[in-house]
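Worksheet: the structure to be examined is printed underneath.
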Amino acid sequence: MSIEKKKVRVGMIGYKFMGKAHSLAYRNLPFFFDTKVVPVMQAISGRNEAGVKKAAEKMGWASYETDWRKLIQRDDIDVIDIVTPNSTHFEMAIAAAEAGKHIICEKPLSMNVNQAKRMYEAVQKNGVIHMICHNYRFAPAVQYAKKLIDQGRLGNIRHIRGTYLQDASMDPNLPITWRAKKEITGSGALGDIGSHSLDLARFLVGEFQEVVGVMETFVKQRPIQNEGLNVQVDATKMGEVTVDDATVILARFENGAIGTFEATKFAGGNLNGNRFEINGDKGSIRWDLENLNNLDVYFADDEPGLRGFRTINCTEEIHPYAGAYWPPAHIIGYEHTFINLLSDFMNGIADGISPKPNFEDGLRNQIVLESIEKSAMQKSWVNISEISNNSLVTNLK
């Protein structure tokens, strides 16, 4: 006789791009992974009743709320999933932690280090399980890269080059959105896409020691879009763009490695170019999100004449997470990174352990982001400890 697994009832705040990605992952997780607990899509929350009702019906949520506070206070909710704009994360996460709910939150964790620190302290104080959704860690090829590095196959790490290149903002006539407003998003290309590159660097290489950055806003005004029932763009009314369109970073790591990073939405021809290359004294690896199943690997001890990058299709059972899906070379996609992440989250809830990346990683990422912004403002190198010590972040090892 089979024993029915414990169910974890999820309440999600937000329902658009990331809401769709998370919803699909909750729906498909039990099909691919035999997790210790099973998610139930209990309720979804959004301000627009017509929109959230339609989303709940389409994506498979059992009910909906128009007030996220009511969602958090519901007795039939165990987990709060936050997929809303950055400026809302802090208040929602604190309320969820104080209500004893486990939390998964989209990146970046918060608007600044002070908020991130308080969020981290809240989940620790209230003993809830927590994760931040840096989903690119969960591509099997990235996990395999981590395995090779941890095994010492690349030797001492010397370099990382991380780029996240998009061309989404190149048209100056595109209307202004919340992502262009610092009071809502915190930072532009740096926080939106650059935070992913920085998280991958921390995951694969180690902790940052110091950074220097250059930030630029190429289009400083954009047309204002009326976001009422009849969406219209008024080209005669312009709004100020108060975040960066592009950021370039130099970095030193605690282990002696050095890095270069670039995050931009003005790189013509690049739709979603999240890429990295890591060089050690025994080998190198490189990865590209637009070809996410493949990992390019080079080993210095190959015999002369055969040295060079080889391409590994990370779809075999030996590759992390890949064995849950299809036979070798039957490739997976972007949506599966969320499924893989949620499999760890569900098992973490069952085991009482917050899987990585969690709110500590979100706080560390926020410290790096703020260090880069400070560096760009004062046009000099900034040691990461300047931000962490000034913010009294003393409980990070």
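How things are named: the first chain in the structure tokens is A, the next is B, and so on; residues count from 1 in each chain; ligands count from 1 in the order shown.
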Notebook entry, point to check: Got a sec: who's within 7 Å of region 63-78 of chain A, counting only C-alpha atoms, leaving out chain neighbours fewer than 3 positions off, as a list in words?
Noted result: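 So the residues in contact are Val8, Arg9, Val10, Gly11, Ile13, Gln42, Ala43, Ile44, Ser45, Gly46, Arg47, Asn48, Glu49, Val52, Lys53, Ala56, Ala96, Ala99, Lys101 and His102 of chain A.
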Dump all heavy atoms for the selected residues as a tab-separated table (two decimals), in the first residue's frame?
chain	number	residue	atom	x	y	z
A	8	VAL	N	2.38	20.43	0.24
A	8	VAL	CA	2.79	21.78	0.62
A	8	VAL	C	1.96	22.75	-0.21
A	8	VAL	O	2.05	22.77	-1.45
A	8	VAL	CB	4.29	22.00	0.38
A	8	VAL	CG1	4.67	23.45	0.64
A	8	VAL	CG2	5.11	21.08	1.26
A	9	ARG	N	1.15	23.56	0.45
A	9	ARG	CA	0.20	24.43	-0.24
A	9	ARG	C	0.86	25.79	-0.53
A	9	ARG	O	1.29	26.47	0.38
A	9	ARG	CB	-1.04	24.59	0.62
A	9	ARG	CG	-1.75	23.26	0.90
A	9	ARG	CD	-2.67	23.34	2.09
A	9	ARG	NE	-1.96	23.65	3.33
A	9	ARG	CZ	-2.55	23.74	4.52
A	9	ARG	NH1	-3.87	23.54	4.64
A	9	ARG	NH2	-1.84	24.04	5.60
A	10	VAL	N	0.90	26.12	-1.81
A	10	VAL	CA	1.64	27.30	-2.28
A	10	VAL	C	0.69	28.45	-2.56
A	10	VAL	O	-0.37	28.27	-3.18
A	10	VAL	CB	2.45	26.96	-3.54
A	10	VAL	CG1	3.23	28.20	-4.02
A	10	VAL	CG2	3.38	25.78	-3.30
A	11	GLY	N	1.08	29.64	-2.13
A	11	GLY	CA	0.41	30.87	-2.50
A	11	GLY	C	1.39	31.76	-3.24
A	11	GLY	O	2.47	32.06	-2.70
A	13	ILE	N	2.37	35.36	-5.20
A	13	ILE	CA	2.02	36.77	-5.35
A	13	ILE	C	2.60	37.26	-6.68
A	13	ILE	O	3.82	37.34	-6.85
A	13	ILE	CB	2.57	37.62	-4.19
A	13	ILE	CG1	2.21	36.99	-2.84
A	13	ILE	CG2	2.04	39.05	-4.28
A	13	ILE	CD1	2.83	37.71	-1.65
A	42	GLN	N	-2.35	26.34	-4.47
A	42	GLN	CA	-3.52	26.66	-3.68
A	42	GLN	C	-4.15	28.01	-4.06
A	42	GLN	O	-5.37	28.10	-4.19
A	42	GLN	CB	-3.16	26.67	-2.19
A	42	GLN	CG	-4.34	26.69	-1.25
A	42	GLN	CD	-4.98	25.31	-1.14
A	42	GLN	OE1	-4.68	24.40	-1.90
A	42	GLN	NE2	-5.90	25.16	-0.21
A	43	ALA	N	-3.32	29.05	-4.20
A	43	ALA	CA	-3.90	30.38	-4.46
A	43	ALA	C	-2.86	31.30	-5.09
A	43	ALA	O	-1.66	31.16	-4.86
A	43	ALA	CB	-4.43	30.99	-3.17
A	44	ILE	N	-3.37	32.26	-5.86
A	44	ILE	CA	-2.54	33.24	-6.52
A	44	ILE	C	-3.11	34.63	-6.20
A	44	ILE	O	-4.32	34.78	-5.99
A	44	ILE	CB	-2.50	32.99	-8.05
A	44	ILE	CG1	-1.47	33.87	-8.75
A	44	ILE	CG2	-3.87	33.16	-8.67
A	44	ILE	CD1	-1.30	33.51	-10.22
A	45	SER	N	-2.24	35.64	-6.16
A	45	SER	CA	-2.68	36.97	-5.78
A	45	SER	C	-2.24	38.00	-6.82
A	45	SER	O	-1.12	37.92	-7.35
A	45	SER	CB	-2.10	37.36	-4.41
A	45	SER	OG	-2.42	38.70	-4.09
A	46	GLY	N	-3.12	38.95	-7.10
A	46	GLY	CA	-2.82	40.06	-8.00
A	46	GLY	C	-3.81	41.19	-7.78
A	46	GLY	O	-4.94	40.96	-7.32
A	47	ARG	N	-3.41	42.42	-8.10
A	47	ARG	CA	-4.27	43.58	-7.81
A	47	ARG	C	-5.48	43.66	-8.73
A	47	ARG	O	-6.55	44.09	-8.33
A	47	ARG	CB	-3.44	44.86	-7.92
A	47	ARG	CG	-2.38	45.01	-6.83
A	47	ARG	CD	-1.51	46.23	-7.08
A	47	ARG	NE	-0.77	46.10	-8.32
A	47	ARG	CZ	0.03	47.04	-8.83
A	47	ARG	NH1	0.15	48.19	-8.20
A	47	ARG	NH2	0.68	46.84	-9.96
A	48	ASN	N	-5.29	43.25	-9.99
A	48	ASN	CA	-6.37	43.33	-10.97
A	48	ASN	C	-7.20	42.05	-10.92
A	48	ASN	O	-6.72	40.98	-11.29
A	48	ASN	CB	-5.79	43.54	-12.37
A	48	ASN	CG	-6.84	43.71	-13.43
A	48	ASN	OD1	-7.60	42.78	-13.71
A	48	ASN	ND2	-6.88	44.87	-14.05
A	49	GLU	N	-8.45	42.14	-10.44
A	49	GLU	CA	-9.23	40.92	-10.23
A	49	GLU	C	-9.48	40.16	-11.52
A	49	GLU	O	-9.37	38.93	-11.55
A	49	GLU	CB	-10.56	41.25	-9.55
A	49	GLU	CG	-11.37	39.99	-9.24
A	49	GLU	CD	-12.54	40.24	-8.33
A	49	GLU	OE1	-12.84	41.42	-8.05
A	49	GLU	OE2	-13.15	39.25	-7.88
A	52	VAL	N	-6.06	38.47	-12.49
A	52	VAL	CA	-5.62	37.38	-11.63
A	52	VAL	C	-6.58	36.20	-11.71
A	52	VAL	O	-6.16	35.03	-11.63
A	52	VAL	CB	-5.43	37.86	-10.18
A	52	VAL	CG1	-6.75	38.16	-9.50
A	52	VAL	CG2	-4.62	36.85	-9.39
A	53	LYS	N	-7.86	36.46	-11.88
A	53	LYS	CA	-8.82	35.37	-12.03
A	53	LYS	C	-8.54	34.57	-13.30
A	53	LYS	O	-8.53	33.33	-13.30
A	53	LYS	CB	-10.25	35.93	-12.07
A	53	LYS	CG	-11.32	34.85	-12.23
A	53	LYS	CD	-12.72	35.47	-12.26
A	53	LYS	CE	-13.77	34.39	-12.43
A	53	LYS	NZ	-15.15	34.96	-12.50
A	56	ALA	N	-5.37	32.54	-12.79
A	56	ALA	CA	-5.60	31.38	-11.93
A	56	ALA	C	-6.24	30.24	-12.71
A	56	ALA	O	-5.83	29.07	-12.59
A	56	ALA	CB	-6.49	31.77	-10.75
A	96	ALA	N	5.53	37.42	5.28
A	96	ALA	CA	5.43	35.97	5.13
A	96	ALA	C	6.24	35.26	6.21
A	96	ALA	O	5.77	34.27	6.80
A	96	ALA	CB	5.90	35.55	3.74
A	99	ALA	N	4.54	35.37	9.47
A	99	ALA	CA	3.37	34.49	9.48
A	99	ALA	C	3.75	33.01	9.48
A	99	ALA	O	2.89	32.14	9.46
A	99	ALA	CB	2.47	34.80	8.28
A	101	LYS	N	5.44	31.37	7.12
A	101	LYS	CA	5.38	30.73	5.80
A	101	LYS	C	6.80	30.55	5.24
A	101	LYS	O	7.65	31.43	5.38
A	101	LYS	CB	4.58	31.59	4.82
A	101	LYS	CG	3.25	32.11	5.36
A	101	LYS	CD	2.24	31.02	5.65
A	101	LYS	CE	0.88	31.63	6.04
A	101	LYS	NZ	-0.12	30.62	6.39
A	102	HIS	N	7.03	29.43	4.58
A	102	HIS	CA	8.26	29.27	3.82
A	102	HIS	C	8.21	30.21	2.62
A	102	HIS	O	7.12	30.56	2.14
A	102	HIS	CB	8.41	27.83	3.36
A	102	HIS	CG	8.32	26.83	4.47
A	102	HIS	ND1	9.11	26.89	5.59
A	102	HIS	CD2	7.50	25.75	4.64
A	102	HIS	CE1	8.81	25.89	6.40
A	102	HIS	NE2	7.83	25.19	5.85
Checklist line | Residue set, region 320-359 of chain A restricted to alpha helix (DSSP H), as a list of chain:residue names | finding: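 Listing alpha helix (DSSP H) positions across region 320-359 of chain A yields A:Tyr334, A:Glu335, A:His336, A:Thr337, A:Phe338, A:Ile339, A:Asn340, A:Leu341, A:Leu342, A:Ser343, A:Asp344, A:Phe345, A:Met346, A:Asn347, A:Gly348, A:Ile349, A:Ala350, A:Asp351, A:Phe359.
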Note to self: Using only C-alpha atoms for the distances, tell me which of A:Pro223, A:Gly268, A:Gly239, A:Gly273 is nearest to Leu165 (chain A).
What the structure shows: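 Answer, going by the shortest atom-to-atom distance: A:Gly273.
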Next item on the list: Quick one: everything within 6 Å of region 337-343 of chain A, counting only C-alpha atoms, minus sequence neighbours fewer than 2 positions away in the same chain. Send it as a list in words.
Entry: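 Neighbouring residues, sequence-local ones excluded: Ala25, Leu29, Asn135, Phe138, Ala139, Tyr334, Glu335, Phe345 and Met346 of chain A.
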Neighbour list for region 257-260 of chain A as a compact mmCIF listing (two decimals) with N, CA and C atoms, in the first residue's frame, cut-off 10 Å, only C-alpha atoms, skip fewer than 3 positions in-chain:
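So the final result, stored in out.txt, reads:
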# COMPACT_ATOMS: atom_id res chain seq x y z
N ASN A 156 43.61 25.68 -10.28
CA ASN A 156 43.39 26.98 -9.66
C ASN A 156 42.70 27.91 -10.65
N ILE A 157 41.60 28.50 -10.22
CA ILE A 157 40.85 29.38 -11.12
C ILE A 157 41.56 30.71 -11.26
N ARG A 158 41.76 31.13 -12.50
CA ARG A 158 42.46 32.38 -12.80
C ARG A 158 41.51 33.48 -13.26
N HIS A 159 40.58 33.13 -14.15
CA HIS A 159 39.71 34.14 -14.77
C HIS A 159 38.27 33.66 -14.80
N ILE A 160 37.33 34.62 -14.76
CA ILE A 160 35.96 34.39 -15.22
C ILE A 160 35.55 35.59 -16.04
N ARG A 161 34.91 35.32 -17.17
CA ARG A 161 34.32 36.37 -18.01
C ARG A 161 32.83 36.09 -18.09
N GLY A 162 32.06 36.99 -17.56
CA GLY A 162 30.62 36.82 -17.57
C GLY A 162 29.95 37.95 -18.32
N THR A 163 29.09 37.61 -19.26
CA THR A 163 28.33 38.62 -19.98
C THR A 163 26.86 38.25 -19.99
N ALA A 201 28.92 33.63 -10.81
CA ALA A 201 30.33 33.76 -10.45
C ALA A 201 30.56 33.33 -9.01
N VAL A 205 32.96 30.28 -8.84
CA VAL A 205 34.33 30.73 -8.57
C VAL A 205 34.58 31.00 -7.10
N GLY A 206 33.67 31.74 -6.45
CA GLY A 206 33.86 32.07 -5.05
C GLY A 206 33.41 33.48 -4.74
N GLU A 207 33.73 33.95 -3.55
CA GLU A 207 33.26 35.24 -3.10
C GLU A 207 34.09 36.38 -3.70
N PHE A 208 33.39 37.48 -4.01
CA PHE A 208 34.04 38.68 -4.50
C PHE A 208 34.82 39.35 -3.38
N GLN A 209 35.95 39.97 -3.75
CA GLN A 209 36.73 40.74 -2.78
C GLN A 209 36.62 42.24 -3.04
N GLU A 210 36.76 42.67 -4.30
CA GLU A 210 36.62 44.08 -4.64
C GLU A 210 36.19 44.22 -6.09
N VAL A 211 35.56 45.36 -6.37
CA VAL A 211 35.01 45.59 -7.70
C VAL A 211 35.21 47.05 -8.10
N VAL A 212 35.19 47.28 -9.41
CA VAL A 212 35.13 48.62 -9.96
C VAL A 212 34.19 48.57 -11.16
N GLY A 213 33.29 49.53 -11.25
CA GLY A 213 32.27 49.47 -12.29
C GLY A 213 32.04 50.78 -12.99
N VAL A 248 29.52 47.77 -16.83
CA VAL A 248 30.74 46.98 -17.07
C VAL A 248 31.52 46.92 -15.76
N ILE A 249 32.04 45.74 -15.41
CA ILE A 249 32.64 45.52 -14.10
C ILE A 249 33.97 44.79 -14.21
N LEU A 250 34.95 45.21 -13.43
CA LEU A 250 36.16 44.44 -13.15
C LEU A 250 36.07 43.95 -11.72
N ALA A 251 36.59 42.75 -11.45
CA ALA A 251 36.47 42.19 -10.11
C ALA A 251 37.68 41.37 -9.73
N ARG A 252 37.96 41.37 -8.43
CA ARG A 252 38.92 40.45 -7.83
C ARG A 252 38.15 39.57 -6.85
N PHE A 253 38.55 38.30 -6.78
CA PHE A 253 37.90 37.35 -5.89
C PHE A 253 38.82 37.01 -4.72
N GLU A 254 38.22 36.50 -3.65
CA GLU A 254 38.98 36.18 -2.45
C GLU A 254 40.04 35.11 -2.72
N PHE A 276 29.27 32.62 -19.83
CA PHE A 276 30.49 32.75 -19.02
C PHE A 276 31.57 31.83 -19.56
N GLU A 277 32.81 32.23 -19.30
CA GLU A 277 33.98 31.38 -19.54
C GLU A 277 34.85 31.47 -18.30
N ILE A 278 35.30 30.31 -17.82
CA ILE A 278 36.15 30.23 -16.63
C ILE A 278 37.43 29.51 -17.02
N ASN A 279 38.55 30.12 -16.67
CA ASN A 279 39.87 29.55 -16.99
C ASN A 279 40.63 29.22 -15.72
N GLY A 280 41.12 27.99 -15.64
CA GLY A 280 42.00 27.58 -14.56
C GLY A 280 43.36 27.19 -15.11
Notebook entry, point to check: Counting only C-alpha atoms, what is within 9 Å of Met377 (chain A), bar same-chain residues fewer than 5 positions away, as a PyMOL selection string?
Noted result: chain A and resi 213-215+372
Check: So how many Å separate CA of Met131 (chain A) and CA of Ala322 (chain A), to one decimal?
Finding: 21.4 Å
Margin query: Which residue is closest to Asp199 (chain A)? Choose from A:Asn365, A:Ser388, A:Asn173, A:Gln151 and count only C-alpha atoms.
Written below: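 Using only C-alpha atoms, Asp199 (chain A) sits closest to A:Asn365.
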Note to self: I need the residue nearest Arg275 (chain A) from this list: A:Gln166, A:Asn313, A:Gln221, A:Thr242. Use only C-alpha atoms for the distance.
What the structure shows: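 With only C-alpha atoms as the atom set, the closest residue is A:Gln166.
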